[in-house]
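K.L.:
See target-v2.cif below, with mmCIF, C-alpha atoms and all ligand atoms.
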data_target
loop_
_atom_site.label_atom_id
_atom_site.label_comp_id
_atom_site.auth_asym_id
_atom_site.auth_seq_id
_atom_site.Cartn_x
_atom_site.Cartn_y
_atom_site.Cartn_z
CA MET A 177 -5.02 -4.07 14.61
CA ILE A 178 -6.57 -5.56 11.51
CA GLY A 179 -3.91 -6.74 9.06
CA GLY A 180 -0.94 -9.06 8.70
CA GLY A 181 1.49 -6.87 6.76
CA ASN A 182 4.41 -4.67 7.80
CA SER A 183 2.20 -1.68 8.61
CA ALA A 184 0.07 -3.71 11.03
CA GLY A 185 3.19 -5.29 12.56
CA GLN A 186 4.87 -1.92 13.11
CA ALA A 187 1.66 -0.48 14.57
CA ALA A 188 1.23 -3.44 16.95
CA ILE A 189 4.77 -3.05 18.28
CA HIS A 190 4.26 0.71 18.66
CA PHE A 191 0.97 0.38 20.55
CA ALA A 192 2.32 -2.42 22.75
CA ARG A 193 4.38 0.31 24.49
CA TYR A 194 1.17 2.00 25.70
CA ALA A 195 -1.71 -0.52 25.65
CA ALA A 196 -2.50 -3.26 28.18
CA ARG A 197 -3.04 -5.69 25.29
CA VAL A 198 -2.73 -5.52 21.50
CA THR A 199 -4.36 -8.09 19.20
CA LEU A 200 -3.43 -8.54 15.56
CA VAL A 201 -6.41 -9.90 13.63
CA VAL A 202 -5.07 -11.68 10.53
CA ARG A 203 -7.13 -13.33 7.74
CA GLY A 204 -4.24 -15.62 6.69
CA THR A 205 -2.74 -18.62 8.46
CA SER A 206 0.68 -17.08 9.19
CA LEU A 207 2.64 -13.84 9.17
CA LYS A 208 5.49 -15.30 7.13
CA GLU A 209 4.29 -14.27 3.68
CA PRO A 210 3.35 -10.61 4.17
CA MET A 211 5.56 -9.46 7.09
CA SER A 212 9.32 -8.87 7.49
CA SER A 213 10.97 -11.48 9.71
CA TYR A 214 12.39 -8.89 12.17
CA LEU A 215 8.81 -7.77 12.94
CA ILE A 216 7.61 -11.39 13.36
CA THR A 217 10.45 -12.03 15.83
CA GLU A 218 9.56 -8.89 17.82
CA ILE A 219 5.84 -9.74 17.83
CA ASN A 220 6.46 -13.32 18.98
CA ALA A 221 8.69 -12.06 21.81
CA ASN A 222 6.24 -9.38 22.95
CA GLU A 223 3.92 -10.67 25.70
CA ILE A 224 1.49 -7.77 25.19
CA ILE A 225 0.74 -8.81 21.58
CA ASP A 226 -1.62 -11.65 20.61
CA VAL A 227 -2.10 -12.80 17.03
CA ARG A 228 -5.40 -14.35 15.88
CA PHE A 229 -4.98 -16.11 12.54
CA GLU A 230 -7.80 -16.96 10.09
CA THR A 231 -9.93 -14.33 11.77
CA ARG A 232 -11.95 -11.37 10.52
CA VAL A 233 -13.58 -8.47 12.31
CA VAL A 234 -17.25 -8.65 11.29
CA ALA A 235 -18.93 -6.12 13.62
CA ALA A 236 -18.10 -3.28 15.99
CA HIS A 237 -20.26 -2.43 19.03
CA GLY A 238 -20.55 0.46 21.45
CA THR A 239 -22.64 3.48 22.33
CA GLY A 240 -20.82 6.68 21.52
CA GLN A 241 -17.52 4.83 21.47
CA LEU A 242 -16.16 1.39 20.60
CA ASP A 243 -16.28 -1.18 23.39
CA GLN A 244 -16.60 -4.60 21.69
CA LEU A 245 -15.80 -6.35 18.42
CA THR A 246 -17.27 -9.48 16.90
CA LEU A 247 -14.60 -11.74 15.39
CA ARG A 248 -15.27 -14.64 13.04
CA ASP A 249 -12.76 -17.48 12.66
CA GLY A 250 -12.10 -19.83 9.73
CA GLN A 251 -14.81 -22.26 10.95
CA SER A 252 -17.39 -19.41 10.96
CA ARG A 253 -17.48 -19.36 14.77
CA THR A 254 -18.01 -15.88 16.16
CA VAL A 255 -16.83 -14.45 19.44
CA GLN A 256 -17.38 -11.03 21.00
CA VAL A 257 -14.28 -9.46 22.58
CA PRO A 258 -13.72 -6.19 24.47
CA ALA A 259 -11.88 -3.48 22.49
CA ASP A 260 -11.03 0.17 23.21
CA ALA A 261 -9.64 0.95 19.77
CA LEU A 262 -9.52 -0.50 16.28
CA PHE A 263 -6.99 0.26 13.54
CA ALA A 264 -7.37 -1.11 10.00
CA LEU A 265 -4.00 -1.52 8.26
CA ILE A 266 -5.19 -3.46 5.25
CA GLY A 267 -3.52 -1.71 2.35
CA ALA A 268 -3.59 1.62 0.61
CA GLN A 269 -5.29 2.99 -2.44
CA PRO A 270 -3.99 5.80 -4.64
CA HIS A 271 -5.95 9.09 -4.67
CA THR A 272 -5.75 9.52 -8.42
CA GLU A 273 -9.44 10.07 -9.23
CA TRP A 274 -8.60 13.59 -10.43
CA LEU A 275 -6.23 12.15 -13.09
CA ARG A 276 -8.80 9.82 -14.62
CA GLY A 277 -9.59 10.45 -18.25
CA THR A 278 -6.27 12.26 -18.73
CA VAL A 279 -3.48 10.14 -17.25
CA ALA A 280 -3.83 6.38 -17.87
CA CYS A 281 -4.30 4.33 -14.68
CA ASP A 282 -4.99 0.65 -14.01
CA HIS A 283 -8.35 -0.41 -12.56
CA HIS A 284 -7.05 0.19 -8.99
CA GLY A 285 -6.05 3.76 -9.90
CA PHE A 286 -2.28 3.20 -10.08
CA VAL A 287 -0.64 5.27 -12.83
CA LEU A 288 0.71 3.32 -15.82
CA THR A 289 4.21 4.18 -16.99
CA GLY A 290 6.87 2.98 -19.44
CA SER A 291 6.58 -0.65 -20.50
CA ASP A 292 3.37 -1.11 -18.44
CA LEU A 293 1.78 1.40 -20.83
CA SER A 294 2.99 -0.60 -23.82
CA ALA A 295 1.42 -3.74 -22.32
CA SER A 296 -1.95 -2.00 -21.91
CA ASP A 297 -4.59 -0.71 -24.34
CA GLU A 298 -3.02 2.74 -23.95
CA THR A 299 -0.46 2.01 -26.69
CA ALA A 300 -3.09 2.90 -29.26
CA SER A 301 -3.38 6.46 -27.99
CA TRP A 302 0.40 7.08 -27.53
CA PRO A 303 0.84 10.11 -29.81
CA ILE A 304 4.52 10.11 -30.88
CA ASN A 305 6.94 7.85 -32.74
CA ARG A 306 9.28 6.77 -29.93
CA GLY A 307 8.00 4.51 -27.11
CA PRO A 308 7.42 5.87 -23.58
CA LEU A 309 10.51 6.37 -21.38
CA LEU A 310 10.87 4.33 -18.15
CA LEU A 311 8.62 6.45 -15.84
CA GLU A 312 6.74 8.32 -18.56
CA THR A 313 2.93 8.30 -18.44
CA ASN A 314 0.66 8.20 -21.50
CA ILE A 315 1.29 11.95 -21.83
CA PRO A 316 4.76 12.47 -23.34
CA GLY A 317 6.85 14.55 -20.94
CA ALA A 318 4.68 13.75 -17.87
CA PHE A 319 6.35 11.32 -15.45
CA ALA A 320 5.18 9.44 -12.36
CA ALA A 321 7.29 8.26 -9.40
CA GLY A 322 6.58 6.54 -6.11
CA ASP A 323 3.69 4.66 -4.55
CA LEU A 324 1.07 5.89 -7.03
CA ARG A 325 2.89 4.21 -9.92
CA GLN A 326 1.70 0.75 -10.93
CA GLY A 327 4.22 -1.93 -9.96
CA SER A 328 6.39 0.34 -7.81
CA ILE A 329 8.07 -1.05 -4.69
CA LYS A 330 6.22 0.64 -1.82
CA ARG A 331 9.28 1.86 0.09
CA VAL A 332 10.70 5.30 0.89
CA ALA A 333 14.04 4.51 -0.77
CA SER A 334 12.28 3.36 -3.97
CA ALA A 335 10.08 6.46 -4.13
CA VAL A 336 13.09 8.76 -3.62
CA GLY A 337 15.09 6.80 -6.21
CA GLU A 338 12.27 7.00 -8.75
CA GLY A 339 12.04 10.75 -8.14
CA ALA A 340 15.72 11.09 -8.96
CA ILE A 341 15.31 8.92 -12.07
CA ALA A 342 12.31 11.03 -13.17
CA ILE A 343 14.48 14.17 -13.14
CA HIS A 344 17.03 12.42 -15.34
CA LEU A 345 14.20 11.36 -17.68
CA VAL A 346 12.91 14.94 -17.90
CA HIS A 347 16.35 15.98 -19.20
CA GLN A 348 16.28 13.06 -21.65
CA TYR A 349 12.76 14.06 -22.77
CA LEU A 350 13.85 17.65 -23.36
CA ARG A 351 16.87 16.48 -25.36
CA LEU A 352 14.68 14.20 -27.50
CA ALA A 353 12.06 16.92 -27.97
CA GLY A 354 14.83 19.41 -28.95
CA SER A 355 16.33 17.03 -31.52
CA ALA A 356 12.87 16.38 -33.03
CA ASP A 357 12.38 20.14 -33.75
C1 LIG B 1 2.01 2.66 8.00
C2 LIG B 1 3.11 2.66 6.96
C3 LIG B 1 4.38 2.23 7.30
C4 LIG B 1 5.41 2.25 6.36
N1 LIG B 1 6.64 1.84 6.74
C5 LIG B 1 7.66 1.92 5.87
C6 LIG B 1 8.98 1.59 6.25
O1 LIG B 1 9.25 1.18 7.40
N2 LIG B 1 9.98 1.69 5.35
C7 LIG B 1 9.74 2.12 4.08
O2 LIG B 1 10.69 2.25 3.29
N3 LIG B 1 8.49 2.46 3.67
C8 LIG B 1 7.45 2.38 4.53
N4 LIG B 1 6.19 2.69 4.12
C9 LIG B 1 5.97 3.06 2.71
C10 LIG B 1 6.42 4.50 2.42
O3 LIG B 1 5.78 5.38 3.34
C11 LIG B 1 6.01 4.87 0.99
O4 LIG B 1 6.51 3.91 0.09
C12 LIG B 1 6.56 6.24 0.58
O5 LIG B 1 6.14 7.22 1.50
C13 LIG B 1 6.08 6.59 -0.82
O6 LIG B 1 6.43 7.91 -1.12
P1 LIG B 1 5.59 8.74 -2.18
O7 LIG B 1 6.25 10.07 -2.27
O8 LIG B 1 5.41 7.95 -3.42
O9 LIG B 1 4.13 8.87 -1.57
P2 LIG B 1 3.66 9.57 -0.21
O10 LIG B 1 4.71 9.50 0.85
O11 LIG B 1 2.30 8.98 0.07
O12 LIG B 1 3.53 11.09 -0.63
C14 LIG B 1 2.50 11.55 -1.48
C15 LIG B 1 2.24 13.00 -1.09
O13 LIG B 1 1.40 13.58 -2.07
C16 LIG B 1 0.39 14.33 -1.43
N5 LIG B 1 -0.74 14.43 -2.34
C17 LIG B 1 -1.68 13.48 -2.63
N6 LIG B 1 -2.57 13.97 -3.53
C18 LIG B 1 -2.17 15.21 -3.83
C19 LIG B 1 -2.65 16.24 -4.70
N7 LIG B 1 -3.74 16.06 -5.45
N8 LIG B 1 -1.99 17.41 -4.74
C20 LIG B 1 -0.88 17.61 -4.00
N9 LIG B 1 -0.37 16.68 -3.15
C21 LIG B 1 -1.01 15.51 -3.07
C22 LIG B 1 0.09 13.54 -0.16
O14 LIG B 1 -0.52 14.36 0.80
C23 LIG B 1 1.51 13.13 0.25
O15 LIG B 1 2.14 14.11 1.02
C24 LIG B 1 5.16 2.70 5.05
C25 LIG B 1 3.87 3.13 4.70
C26 LIG B 1 2.87 3.11 5.63
C27 LIG B 1 1.47 3.60 5.24
#
Could you render the structure from this file as structure tokens?

P.N.:
Amino acid sequence: MIGGGNSAGQAAIHFARYAARVTLVVRGTSLKEPMSSYLITEINANEIIDVRFETRVVAAHGTGQLDQLTLRDGQSRTVQVPADALFALIGAQPHTEWLRGTVACDHHGFVLTGSDLSASDETASWPINRGPLLLETNIPGAFAAGDLRQGSIKRVASAVGEGAIAIHLVHQYLRLAGSAD
């Protein structure tokens, strides 16, 4: 598993039920910063799981299928290790290419909403008198909720909560639009 975050930690614990050995390859010097402590405790207690800190995967080898990886450590030493499978859990990117040019996004593709819009260059193109509502995009009446929104907490409960808030904001938008007529 490449990665030191919660996704890599969960995956390592899952695969440790089936694999002879699972190795977490982590660029950083510890798991403390990016990973929840309950996962760190489980990983440390699991004899199937090794963690290699300050290490990167720099090459994959095999004919037809993976059989070895080259790892490079913090001192630029490389080592070739056997591997049957490789999973990269190194973050996610939003699939918002189709919104570009219409809905304002940051340079990673996360959709700008509410006060994040006001803090960006998009303020200039905001077409109406009031400011954007909490989850409102640069298009009045169009809202964004969940992982694709810039600054959102990447959790199921947050995404569901933002969805519920967005519905409330739609009602507020319709009320405001009605009173403007
Ligand atoms: C490996 C992993 C482990 C995680 N573990 C946890 C955890 O333990 N606890 C936790 O709270 N959170 C966890 N998360 C985060 C959680 O999954 C997300 O925060 C949550 O799913 C976000 O919900 P969402 O609706 O914003 O996005 P998503 O769940 O990603 O849903 C977006 C949906 O939109 C669809 N879609 C995309 N583009 C289009 C399009 N153009 N047209 C129509 N549909 C489209 C996608 O197919 C998808 O179904 C984990 C995430 C990962 C990747």

K.L.:
For ligand LIG 1 (chain B), collect every residue having any atom at a distance of at most 7 Å from a ligand atom (counting only C-alpha atoms and all ligand atoms); output as a list in words.

P.N.:
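The residues near ligand LIG 1 (chain B) are Asn182, Ser183, His271, Ala321, Gly322, Asp323, Leu324, Lys330, Arg331, Val332, Ala333 and Ala335 of chain A.
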
K.L.:
Under the rule that only C-alpha atoms are counted, which of A:Ile216, A:Pro258, A:His344, A:Asn305 is the nearest residue to Arg197 of chain A?

P.N.:
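Ranking A:Ile216, A:Pro258, A:His344, A:Asn305 by distance to Arg197 of chain A, first place goes to A:Pro258.
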
K.L.:
Looking at A:Asp297, A:Asp243, A:Asp292, A:Asp226, which one is nearest to Leu262 of chain A, with distances taken over all atoms listed in the file?

P.N.:
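Nearest candidate to Leu262 of chain A out of A:Asp297, A:Asp243, A:Asp292, A:Asp226: A:Asp243.
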
K.L.:
Give me, as a count of residues only, all polymer residues having an atom no more than 12 Å from Leu293 of chain A, counting all atoms listed in the file and skipping those fewer than 2 positions away in the same chain.

P.N.:
31

K.L.:
What's the separation between atom CA of Val346 of chain A and atom CA of Ala318 of chain A, in Å to one decimal place?

P.N.:
8.3 Å

K.L.:
Select, from A:Leu200, A:Ile189, A:Ile266, A:Ala353, the residue with the minimum atom-to-atom distance to Thr217 of chain A, counting only C-alpha atoms.

P.N.:
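Checking each of A:Leu200, A:Ile189, A:Ile266, A:Ala353 against Thr217 of chain A, counting only C-alpha atoms, the winner is A:Ile189.
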
K.L.:
When you draw a straight line from atom CA of Gly354 of chain A to atom CA of Ile341 of chain A, how long is it in Å?

P.N.:
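Rounded to one decimal, the two atoms are 19.9 Å apart.
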
K.L.:
Between A:Thr272, A:Thr205, A:Thr231, A:Ser213, which is the closest to Arg253 of chain A once you count all atoms listed in the file?

P.N.:
A:Thr231

K.L.:
Compare A:Ser355, A:Phe319, A:Gly277, A:Leu215 by their minimum atom-to-atom distance to Ile343 of chain A, counting all atoms listed in the file, and give me the closest one.

P.N.:
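Smallest distance to Ile343 of chain A is found for A:Phe319.
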